[in-house]
Every structure is written in structure tokens, then in C-alpha cells.
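Trainee: The structure under discussion is supplied below as C-alpha cells; questions concerning it will follow.
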Amino acid sequence: MPAPLPLALMADPHRSKDQLRRLADTLAIPLVEDPRAATLLLQFGPDGLSLVKPGDPLLPGRLRADFSAPDFRRRLLHPGRELLAQAAKVRGCGQPLVIDATAGLGRDGFLLAAAGCRVQMIELHPVVAALLADGLERARNSPALAATAGRIELTVGDAREHLPRLPEPPDVVFLDPMFPERTKAALVGQELRLLRLLDQKNSDPEELLPVALAVSARKVVVKRPLKAAALAALAPSYTRRGKAVRFDVYVGKGKEKSSG
């Protein structure tokens with residue numbers, strides 16, 4: 001048997017061949033019928049698209065974007081209480097436009113949308129973006145989540161290229177640059193390990209922050225591990241601290257610091 005492919009899309013008799021082929025072509029990965037043909041597999045199930053590592057007893061879990069999980073749904077009940085929502089709040093702006101420039105699996109951006117923000121997600125890695133797009137589509141078809149998902153748009157690409165070309169000036173730019181070294185609270189160990197198995201297509205976060213600051217948003221909000229140094233050694237205007245993470249807030253040029 002030939003050596004396994006690094007990544008493939010698993011054929012699914014319950015999905016249209018055109019849908020599968022479009023996704024495989026978009027991601028530039030093969031479509032296979034034997035799960036042993038690849039080290040990592042994208043596969044559709046009854047509850048959407050997921051990434052798995054077949055045949056590995058140490059990684060029996062899967063990676064997927066899921067906004068309907070009970071623990072996450074509880075956070076959506078009072079999104080304004082979330083530390084991120086407080087850090088991103090813009091006084092006098094009823095529905096601020098937030099650019100989530102490092103979207104990942106979209107949990108932070110979804111919380112911001114639940115708090116009333118319009119959210120433009122940007123995700124660099126095409127596989128992570130495909131998982132996120134699938135999760136957002138399922139959310140749009142959920143009566144409980146559709147309104148929140150309707151305030152979200154997703155762009156696939158490098159935020160360093162997209163931020164200077166935004167058609168509408170944002171109120172807030174949000175960065176979570178901890179991947180892949182992150183121990184992101186929203187990710188369990190198995191999910192994080194699966195993410196690290198993907199070929200990395202990361203922007204240098206120290207390059208991303210100056211680009212975000214140049215957009216002249218009212219705020220740039222950066223998620224950091226609680227004890228980590230300020231990103232790019234740039235001191236924030238102020239910080240909101242939680243138990244495990246903090247949010248460094250950089251007030252935009254010409255804006256009052258009271259916007260927090």
C-alpha cells in the first residue's frame with residue numbers, strides 16, 4: 001500500500017459528488033474512498049464537516065466548528081458579560097463593525113456577533129476556514145443561532161492583505177495570535193493537537209499588529225495569555241484581565257480612551 005497522503009477529503013455517499021469535488025478542488029486535496037489513504041481526513045457526518053486522524057487511538061476526537069454545544073450556548077445567553085465583549089465595546093455605537101482577523105474556529109467572533117456586533121471573520125488556513133464555513137452554515141439553519149450567524153461574514157485569506165483594503169472602516173479589529181503555540185481556553189487538548197497537525201499557514205502576529213493599528217479603527221483588541229508580554233512589545237492603552245487570558249486594548253489614533 002502506498003504511503004498515506006498528508007490530507008484528503010473522504011467520499012460520502014450521502015453528499016453530492018459535485019459538492020465534494022468543489023471542496024476538494026478549493027482545498028487542493030484529493031478525494032478518497034479508503035480512510036487509510038490519508039494521515040488526516042476531512043469528512044462529513046450528520047452534524048457537519050470535521051477533521052480527524054484515522055486509526056490513532058491517542059487522537060480519537062475530531063475538530064469541527066460547533067456553535068450549538070451546550071457549554072458554548074450557555075455563554076451566548078449573556079454575551080455582554082463576556083470579557084471580550086466588554087473589551088471590544090464601543091461607546092455610542094449600537095452595532096459596531098468588528099474585524100476578527102484571526103478567526104480560527106470562530107468562537108470569539110461568534111460571541112461578539114451574539115453581543116450585537118457585525119463581524120467580518122478572516123481566516124488564513126483554508127482547511128480551518130472550511131470547517132468554520134460549515135459551522136456558520138449550520139448556525140444559519142438553526143432558529144436559535146440564525147440571527148447571530150446572520151451578522152457574520154467570512155473571508156479566507158491573509159489579514160495583512162485584507163485589512164488595508166477594507167471597504168468600510170471598522171470600529172474594532174480583534175486579534176487572537178496565540179495559534180499554534182496557544183493553549184486557547186476554548187480548545188480542548190485533542191482539538192489543539194489536531195490543529196497542530198495541519199501544515200501551518202500563519203501570519204507573524206508581530207507583523208499583524210502594526211497592520212491592524214494602521215487601519216485606524218477605534219480599538220484594536222489583542223487576546224493574550226495572562227502572563228505573556230505585550231504583542232510586538234507595544235504597550236496597550238489599557239488591559240482587561242480574566243482568570244486565564246487578558247485583552248490588551250489599543251485605542252485608535254484620534255479617539256477618546258473613554259470609548260472603553
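Naming scheme: A, B, ... for chains in displayed order of the C-alpha cells; residues 1 onward per chain; ligands 1 onward as shown.
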Per residue of range 115-175 of chain A within 9 Å of range 211-221 of chain A, what are the shortest atom pair and its distance in Å to one decimal, counting only C-alpha atoms, with rows by chain and residue number, as CSV?
Mentor:
```
residue,atom,partner,partner_atom,distance
A:Ala159,CA,A:Val211,CA,8.6
A:Arg160,CA,A:Val211,CA,6.3
A:Glu161,CA,A:Val211,CA,8.9
A:Leu163,CA,A:Ala212,CA,6.8
A:Pro164,CA,A:Val215,CA,6.4
A:Leu166,CA,A:Val215,CA,8.7
A:Pro169,CA,A:Ala217,CA,6.8
A:Pro170,CA,A:Ala217,CA,5.5
A:Asp171,CA,A:Ala217,CA,5.0
A:Val172,CA,A:Lys219,CA,4.8
A:Val173,CA,A:Val220,CA,4.7
A:Phe174,CA,A:Val221,CA,4.8
A:Leu175,CA,A:Val221,CA,6.2
```
Trainee: Output N, CA, C and O atoms for every residue in the selection just made, as a JSON list (two decimals), in the first residue's frame.
Mentor:
```json
[["chain", "number", "residue", "atom", "x", "y", "z"],
["A", 159, "ALA", "N", -4.90, 38.28, 6.65],
["A", 159, "ALA", "CA", -5.42, 39.55, 7.17],
["A", 159, "ALA", "C", -4.49, 40.70, 6.86],
["A", 159, "ALA", "O", -4.94, 41.85, 6.72],
["A", 160, "ARG", "N", -3.20, 40.46, 6.73],
["A", 160, "ARG", "CA", -2.26, 41.53, 6.41],
["A", 160, "ARG", "C", -2.57, 42.15, 5.05],
["A", 160, "ARG", "O", -2.30, 43.32, 4.81],
["A", 161, "GLU", "N", -3.14, 41.34, 4.15],
["A", 161, "GLU", "CA", -3.51, 41.84, 2.83],
["A", 161, "GLU", "C", -4.92, 42.44, 2.83],
["A", 161, "GLU", "O", -5.18, 43.42, 2.12],
["A", 163, "LEU", "N", -6.78, 43.71, 5.53],
["A", 163, "LEU", "CA", -7.06, 44.86, 6.40],
["A", 163, "LEU", "C", -6.86, 46.21, 5.70],
["A", 163, "LEU", "O", -7.69, 47.11, 5.86],
["A", 164, "PRO", "N", -5.80, 46.40, 4.92],
["A", 164, "PRO", "CA", -5.65, 47.72, 4.27],
["A", 164, "PRO", "C", -6.68, 47.98, 3.17],
["A", 164, "PRO", "O", -6.80, 49.11, 2.70],
["A", 166, "LEU", "N", -10.09, 47.18, 3.31],
["A", 166, "LEU", "CA", -11.46, 47.04, 3.79],
["A", 166, "LEU", "C", -12.36, 48.09, 3.13],
["A", 166, "LEU", "O", -12.01, 49.28, 3.09],
["A", 169, "PRO", "N", -14.50, 51.27, 7.00],
["A", 169, "PRO", "CA", -13.60, 51.35, 8.16],
["A", 169, "PRO", "C", -14.23, 50.63, 9.36],
["A", 169, "PRO", "O", -15.39, 50.89, 9.70],
["A", 170, "PRO", "N", -13.50, 49.74, 10.01],
["A", 170, "PRO", "CA", -14.06, 49.02, 11.15],
["A", 170, "PRO", "C", -14.00, 49.85, 12.43],
["A", 170, "PRO", "O", -13.20, 50.78, 12.55],
["A", 171, "ASP", "N", -14.86, 49.51, 13.36],
["A", 171, "ASP", "CA", -14.78, 50.11, 14.69],
["A", 171, "ASP", "C", -13.73, 49.41, 15.54],
["A", 171, "ASP", "O", -13.05, 50.05, 16.34],
["A", 172, "VAL", "N", -13.62, 48.09, 15.36],
["A", 172, "VAL", "CA", -12.71, 47.29, 16.19],
["A", 172, "VAL", "C", -12.02, 46.27, 15.31],
["A", 172, "VAL", "O", -12.64, 45.67, 14.42],
["A", 173, "VAL", "N", -10.74, 46.06, 15.54],
["A", 173, "VAL", "CA", -10.01, 44.92, 14.97],
["A", 173, "VAL", "C", -9.61, 44.02, 16.13],
["A", 173, "VAL", "O", -9.01, 44.49, 17.11],
["A", 174, "PHE", "N", -9.96, 42.75, 16.04],
["A", 174, "PHE", "CA", -9.66, 41.79, 17.09],
["A", 174, "PHE", "C", -8.62, 40.80, 16.59],
["A", 174, "PHE", "O", -8.74, 40.24, 15.50],
["A", 175, "LEU", "N", -7.59, 40.57, 17.40],
["A", 175, "LEU", "CA", -6.52, 39.62, 17.08],
["A", 175, "LEU", "C", -6.39, 38.60, 18.19],
["A", 175, "LEU", "O", -6.32, 38.96, 19.37]]
```
Trainee: Looking only at helix (DSSP H, G or I) from DSSP on the backbone, list the matching residues of range 27-175 of chain A as a PyMOL selection string.
Mentor: chain A and resi 27+35-37+70-77+79-81+83-88+107-114+126-140+146-149+159-165
Trainee: Extract, using only C-alpha atoms, all DNA, RNA and protein residues at most 9 Å from Gly242 in chain A, discarding same-chain residues fewer than 3 positions from it, and format them as a list of chain:residue names.
Mentor: A:Leu83, A:Leu226, A:Val245, A:Arg246, A:Phe247
Trainee: Print the selection's residues with C-alpha atoms to a file, as a PDB file, in the first residue's frame.
Mentor:
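Output file again01.pdb follows:
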```pdb
ATOM      1  CA  LEU A  83     -14.687  39.884  28.924  1.00  0.00           C
ATOM      2  CA  LEU A 226      -2.412  36.151  31.114  1.00  0.00           C
ATOM      3  CA  VAL A 245      -6.371  35.325  29.425  1.00  0.00           C
ATOM      4  CA  ARG A 246      -6.313  39.077  29.105  1.00  0.00           C
ATOM      5  CA  PHE A 247      -7.348  41.524  26.404  1.00  0.00           C
TER       6      PHE A 247
END
```
Trainee: To one decimal place in Å, what is the distance between CA of Pro210 in chain A and CA of Gly80 in chain A?
Mentor: 27.9 Å
Trainee: Identify, on the basis of only C-alpha atoms, every residue whose closest approach to Cys117 in chain A does not exceed 8 Å; exclude the query and any residue fewer than 2 positions from it along the same chain; express the result as a list in words.
Mentor: Gln95, Pro96, Leu97, Val98, Leu112, Ala113, Ala114, Ala115, Val119 and Arg151 of chain A
Trainee: I need the residues from that last selection saved to file as an mmCIF file, in the first residue's frame (with N, CA, C and O atoms), if you can.
Mentor:
```
data_model
loop_
_atom_site.group_PDB
_atom_site.id
_atom_site.type_symbol
_atom_site.label_atom_id
_atom_site.label_comp_id
_atom_site.auth_asym_id
_atom_site.auth_seq_id
_atom_site.Cartn_x
_atom_site.Cartn_y
_atom_site.Cartn_z
ATOM 1 N N GLN A 95 -24.175 49.006 16.757
ATOM 2 C CA GLN A 95 -23.814 47.738 16.110
ATOM 3 C C GLN A 95 -22.440 47.898 15.454
ATOM 4 O O GLN A 95 -22.323 48.029 14.246
ATOM 5 N N PRO A 96 -21.382 47.893 16.272
ATOM 6 C CA PRO A 96 -20.045 48.137 15.727
ATOM 7 C C PRO A 96 -19.614 47.053 14.746
ATOM 8 O O PRO A 96 -20.013 45.895 14.860
ATOM 9 N N LEU A 97 -18.797 47.454 13.793
ATOM 10 C CA LEU A 97 -18.199 46.516 12.858
ATOM 11 C C LEU A 97 -16.871 46.039 13.433
ATOM 12 O O LEU A 97 -15.968 46.842 13.676
ATOM 13 N N VAL A 98 -16.757 44.736 13.644
ATOM 14 C CA VAL A 98 -15.552 44.133 14.205
ATOM 15 C C VAL A 98 -14.903 43.252 13.145
ATOM 16 O O VAL A 98 -15.578 42.413 12.534
ATOM 17 N N LEU A 112 -18.939 37.804 19.814
ATOM 18 C CA LEU A 112 -19.074 39.219 19.517
ATOM 19 C C LEU A 112 -20.335 39.486 18.692
ATOM 20 O O LEU A 112 -21.037 40.481 18.908
ATOM 21 N N ALA A 113 -20.633 38.598 17.754
ATOM 22 C CA ALA A 113 -21.867 38.753 16.980
ATOM 23 C C ALA A 113 -23.089 38.587 17.867
ATOM 24 O O ALA A 113 -24.087 39.297 17.712
ATOM 25 N N ALA A 114 -23.028 37.658 18.822
ATOM 26 C CA ALA A 114 -24.139 37.477 19.759
ATOM 27 C C ALA A 114 -24.343 38.709 20.617
ATOM 28 O O ALA A 114 -25.464 39.007 21.056
ATOM 29 N N ALA A 115 -23.261 39.455 20.862
ATOM 30 C CA ALA A 115 -23.351 40.696 21.639
ATOM 31 C C ALA A 115 -23.843 41.872 20.806
ATOM 32 O O ALA A 115 -23.937 42.990 21.316
ATOM 33 N N VAL A 119 -19.687 41.212 12.389
ATOM 34 C CA VAL A 119 -18.358 40.607 12.472
ATOM 35 C C VAL A 119 -17.913 40.133 11.094
ATOM 36 O O VAL A 119 -18.616 39.364 10.428
ATOM 37 N N ARG A 151 -25.117 37.998 11.251
ATOM 38 C CA ARG A 151 -24.284 39.196 11.388
ATOM 39 C C ARG A 151 -22.812 38.907 11.091
ATOM 40 O O ARG A 151 -21.949 39.753 11.348
#
```
Trainee: If you run DSSP on this backbone, which residues of range 122-218 of chain A come out as strand (DSSP E), and could you give them as a PyMOL selection string?
Mentor: chain A and resi 122-123+152-156+172-175
Trainee: Restricting it to all heavy atoms, dump the selection as a short mmCIF file (atom, residue, chain, number, x, y, z; two decimals), in the first residue's frame.
Mentor:
```
data_model
loop_
_atom_site.label_atom_id
_atom_site.label_comp_id
_atom_site.auth_asym_id
_atom_site.auth_seq_id
_atom_site.Cartn_x
_atom_site.Cartn_y
_atom_site.Cartn_z
N ILE A 122 -11.79 36.78 9.27
CA ILE A 122 -10.74 36.47 8.30
C ILE A 122 -9.95 35.29 8.83
O ILE A 122 -9.45 35.33 9.96
CB ILE A 122 -9.81 37.68 8.07
CG1 ILE A 122 -10.59 38.92 7.64
CG2 ILE A 122 -8.75 37.33 7.02
CD1 ILE A 122 -9.73 40.17 7.51
N GLU A 123 -9.84 34.25 8.03
CA GLU A 123 -9.07 33.07 8.43
C GLU A 123 -8.11 32.69 7.32
O GLU A 123 -8.50 32.52 6.16
CB GLU A 123 -9.99 31.90 8.75
CG GLU A 123 -9.28 30.57 9.02
CD GLU A 123 -8.16 30.67 10.06
OE1 GLU A 123 -8.34 31.34 11.09
OE2 GLU A 123 -7.08 30.08 9.82
N ILE A 152 -22.52 37.71 10.57
CA ILE A 152 -21.13 37.30 10.35
C ILE A 152 -20.88 37.05 8.88
O ILE A 152 -21.68 36.41 8.19
CB ILE A 152 -20.82 36.01 11.15
CG1 ILE A 152 -20.98 36.25 12.66
CG2 ILE A 152 -19.42 35.50 10.84
CD1 ILE A 152 -20.87 34.99 13.49
N GLU A 153 -19.74 37.54 8.39
CA GLU A 153 -19.24 37.20 7.07
C GLU A 153 -17.85 36.60 7.24
O GLU A 153 -17.12 36.96 8.17
CB GLU A 153 -19.17 38.43 6.16
CG GLU A 153 -20.53 39.02 5.83
CD GLU A 153 -20.42 40.20 4.90
OE1 GLU A 153 -19.29 40.51 4.45
OE2 GLU A 153 -21.45 40.84 4.63
N LEU A 154 -17.48 35.71 6.33
CA LEU A 154 -16.18 35.04 6.40
C LEU A 154 -15.39 35.29 5.14
O LEU A 154 -15.90 35.13 4.03
CB LEU A 154 -16.38 33.53 6.60
CG LEU A 154 -15.12 32.65 6.53
CD1 LEU A 154 -14.13 33.02 7.62
CD2 LEU A 154 -15.50 31.17 6.62
N THR A 155 -14.14 35.69 5.33
CA THR A 155 -13.19 35.86 4.23
C THR A 155 -12.02 34.92 4.46
O THR A 155 -11.50 34.83 5.58
CB THR A 155 -12.67 37.31 4.16
OG1 THR A 155 -13.77 38.18 3.90
CG2 THR A 155 -11.62 37.47 3.08
N VAL A 156 -11.59 34.23 3.41
CA VAL A 156 -10.45 33.33 3.50
C VAL A 156 -9.24 34.04 2.93
O VAL A 156 -9.26 34.49 1.78
CB VAL A 156 -10.70 32.02 2.73
CG1 VAL A 156 -9.53 31.05 2.93
CG2 VAL A 156 -12.01 31.37 3.18
N VAL A 172 -13.62 48.09 15.36
CA VAL A 172 -12.71 47.29 16.19
C VAL A 172 -12.02 46.27 15.31
O VAL A 172 -12.64 45.67 14.42
CB VAL A 172 -13.48 46.56 17.31
CG1 VAL A 172 -12.52 45.70 18.17
CG2 VAL A 172 -14.24 47.54 18.20
N VAL A 173 -10.74 46.06 15.54
CA VAL A 173 -10.01 44.92 14.97
C VAL A 173 -9.61 44.02 16.13
O VAL A 173 -9.01 44.49 17.11
CB VAL A 173 -8.76 45.36 14.19
CG1 VAL A 173 -8.02 44.12 13.66
CG2 VAL A 173 -9.13 46.29 13.04
N PHE A 174 -9.96 42.75 16.04
CA PHE A 174 -9.66 41.79 17.09
C PHE A 174 -8.62 40.80 16.59
O PHE A 174 -8.74 40.24 15.50
CB PHE A 174 -10.93 41.04 17.51
CG PHE A 174 -10.67 39.89 18.45
CD1 PHE A 174 -10.05 40.09 19.69
CD2 PHE A 174 -11.04 38.60 18.11
CE1 PHE A 174 -9.81 39.03 20.54
CE2 PHE A 174 -10.81 37.53 18.96
CZ PHE A 174 -10.19 37.75 20.18
N LEU A 175 -7.59 40.57 17.40
CA LEU A 175 -6.52 39.62 17.08
C LEU A 175 -6.39 38.60 18.19
O LEU A 175 -6.32 38.96 19.37
CB LEU A 175 -5.18 40.35 16.92
CG LEU A 175 -5.08 41.53 15.96
CD1 LEU A 175 -3.68 42.13 16.01
CD2 LEU A 175 -5.43 41.10 14.55
#
```
Trainee: Could you check which of A:Ala38, A:Ala147, A:Met121, A:Leu197 is closest to Ala3 in chain A, using only C-alpha atoms?
Mentor: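 Answer, going by the shortest atom-to-atom distance: A:Ala38.
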Trainee: Just the number, please: distance in Å from CA of Glu33 in chain A to CA of Ala8 in chain A, one decimal.
Mentor: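 Atom-to-atom, CA of Glu33 in chain A to CA of Ala8 in chain A, that is 9.6 Å.
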Trainee: For each of A:Arg91, A:Gln86, A:Leu124, A:Asp47, take the minimum atom-to-atom distance to Leu111 in chain A, counting only C-alpha atoms, then give the residue where this is smallest.
Mentor: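 Closest to Leu111 in chain A of all the choices is A:Gln86.
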Trainee: Please report the interatomic distance between CA of Lys53 in chain A and CA of Arg22 in chain A in Å with one decimal.
Mentor: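 A separation of 22.2 Å between them.
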Trainee: Mind checking which residues fall within 9 Å of Leu145 in chain A, counting only C-alpha atoms, ignoring those fewer than 6 positions away in the same chain, and posting them as number ranges by chain?
Mentor: A: 67-68, 114, 138-139
Trainee: Env of Ala11 in chain A: 10 Å cut, atoms = only C-alpha atoms, seq-sep filter 3 positions within chain, self excluded. Answer as a PDB file with N, CA, C and O atoms, in the first residue's frame.
Mentor:
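What ended up in around_11.pdb:
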```
ATOM      1  N   ALA A   8      -6.685  14.450   3.061  1.00  0.00           N
ATOM      2  CA  ALA A   8      -7.624  14.139   1.981  1.00  0.00           C
ATOM      3  C   ALA A   8      -9.039  14.364   2.463  1.00  0.00           C
ATOM      4  O   ALA A   8      -9.307  14.485   3.665  1.00  0.00           O
ATOM      5  N   HIS A  14     -23.719  10.145   1.031  1.00  0.00           N
ATOM      6  CA  HIS A  14     -24.872  10.986   1.336  1.00  0.00           C
ATOM      7  C   HIS A  14     -24.687  12.432   0.866  1.00  0.00           C
ATOM      8  O   HIS A  14     -25.600  13.244   1.025  1.00  0.00           O
ATOM      9  N   ARG A  15     -23.529  12.763   0.321  1.00  0.00           N
ATOM     10  CA  ARG A  15     -23.252  14.107  -0.191  1.00  0.00           C
ATOM     11  C   ARG A  15     -23.135  14.055  -1.710  1.00  0.00           C
ATOM     12  O   ARG A  15     -22.686  13.048  -2.272  1.00  0.00           O
ATOM     13  N   SER A  16     -23.505  15.147  -2.351  1.00  0.00           N
ATOM     14  CA  SER A  16     -23.404  15.171  -3.809  1.00  0.00           C
ATOM     15  C   SER A  16     -21.934  15.145  -4.220  1.00  0.00           C
ATOM     16  O   SER A  16     -21.079  15.736  -3.556  1.00  0.00           O
ATOM     17  N   LYS A  17     -21.677  14.457  -5.316  1.00  0.00           N
ATOM     18  CA  LYS A  17     -20.304  14.380  -5.808  1.00  0.00           C
ATOM     19  C   LYS A  17     -19.791  15.759  -6.209  1.00  0.00           C
ATOM     20  O   LYS A  17     -18.606  16.053  -6.052  1.00  0.00           O
ATOM     21  N   LEU A  20     -18.631  17.564  -3.021  1.00  0.00           N
ATOM     22  CA  LEU A  20     -17.363  17.022  -2.565  1.00  0.00           C
ATOM     23  C   LEU A  20     -16.215  17.450  -3.473  1.00  0.00           C
ATOM     24  O   LEU A  20     -15.141  17.832  -3.002  1.00  0.00           O
ATOM     25  N   ARG A  21     -16.440  17.406  -4.769  1.00  0.00           N
ATOM     26  CA  ARG A  21     -15.377  17.763  -5.700  1.00  0.00           C
ATOM     27  C   ARG A  21     -15.038  19.246  -5.595  1.00  0.00           C
ATOM     28  O   ARG A  21     -13.872  19.628  -5.631  1.00  0.00           O
ATOM     29  N   PRO A  30      -6.908  15.605  -2.438  1.00  0.00           N
ATOM     30  CA  PRO A  30      -7.601  14.535  -3.161  1.00  0.00           C
ATOM     31  C   PRO A  30      -8.872  14.087  -2.444  1.00  0.00           C
ATOM     32  O   PRO A  30      -9.031  14.277  -1.237  1.00  0.00           O
ATOM     33  N   LEU A  31      -9.751  13.485  -3.218  1.00  0.00           N
ATOM     34  CA  LEU A  31     -10.958  12.854  -2.700  1.00  0.00           C
ATOM     35  C   LEU A  31     -10.701  11.356  -2.667  1.00  0.00           C
ATOM     36  O   LEU A  31     -10.316  10.759  -3.680  1.00  0.00           O
ATOM     37  N   VAL A  32     -10.838  10.730  -1.500  1.00  0.00           N
ATOM     38  CA  VAL A  32     -10.503   9.314  -1.357  1.00  0.00           C
ATOM     39  C   VAL A  32     -11.702   8.543  -0.822  1.00  0.00           C
ATOM     40  O   VAL A  32     -12.621   9.113  -0.222  1.00  0.00           O
ATOM     41  N   GLU A  33     -11.685   7.226  -1.032  1.00  0.00           N
ATOM     42  CA  GLU A  33     -12.740   6.358  -0.521  1.00  0.00           C
ATOM     43  C   GLU A  33     -12.263   5.462   0.610  1.00  0.00           C
ATOM     44  O   GLU A  33     -13.074   4.929   1.359  1.00  0.00           O
ATOM     45  N   ASP A  34     -10.946   5.324   0.745  1.00  0.00           N
ATOM     46  CA  ASP A  34     -10.369   4.488   1.799  1.00  0.00           C
ATOM     47  C   ASP A  34      -9.816   5.391   2.899  1.00  0.00           C
ATOM     48  O   ASP A  34      -8.913   6.195   2.650  1.00  0.00           O
ATOM     49  N   PRO A  35     -10.321   5.303   4.132  1.00  0.00           N
ATOM     50  CA  PRO A  35      -9.829   6.177   5.201  1.00  0.00           C
ATOM     51  C   PRO A  35      -8.357   5.970   5.527  1.00  0.00           C
ATOM     52  O   PRO A  35      -7.736   6.842   6.134  1.00  0.00           O
ATOM     53  N   LEU A  42     -10.619  15.028   6.168  1.00  0.00           N
ATOM     54  CA  LEU A  42     -11.826  15.824   6.316  1.00  0.00           C
ATOM     55  C   LEU A  42     -12.997  14.930   5.939  1.00  0.00           C
ATOM     56  O   LEU A  42     -12.964  14.289   4.873  1.00  0.00           O
ATOM     57  N   GLN A  43     -13.993  14.886   6.795  1.00  0.00           N
ATOM     58  CA  GLN A  43     -15.134  14.040   6.472  1.00  0.00           C
ATOM     59  C   GLN A  43     -16.434  14.673   6.935  1.00  0.00           C
ATOM     60  O   GLN A  43     -16.479  15.372   7.945  1.00  0.00           O
ATOM     61  N   PHE A  44     -17.478  14.444   6.149  1.00  0.00           N
ATOM     62  CA  PHE A  44     -18.803  14.907   6.502  1.00  0.00           C
ATOM     63  C   PHE A  44     -19.501  13.852   7.347  1.00  0.00           C
ATOM     64  O   PHE A  44     -19.356  12.650   7.117  1.00  0.00           O
TER      65      PHE A  44
END
```
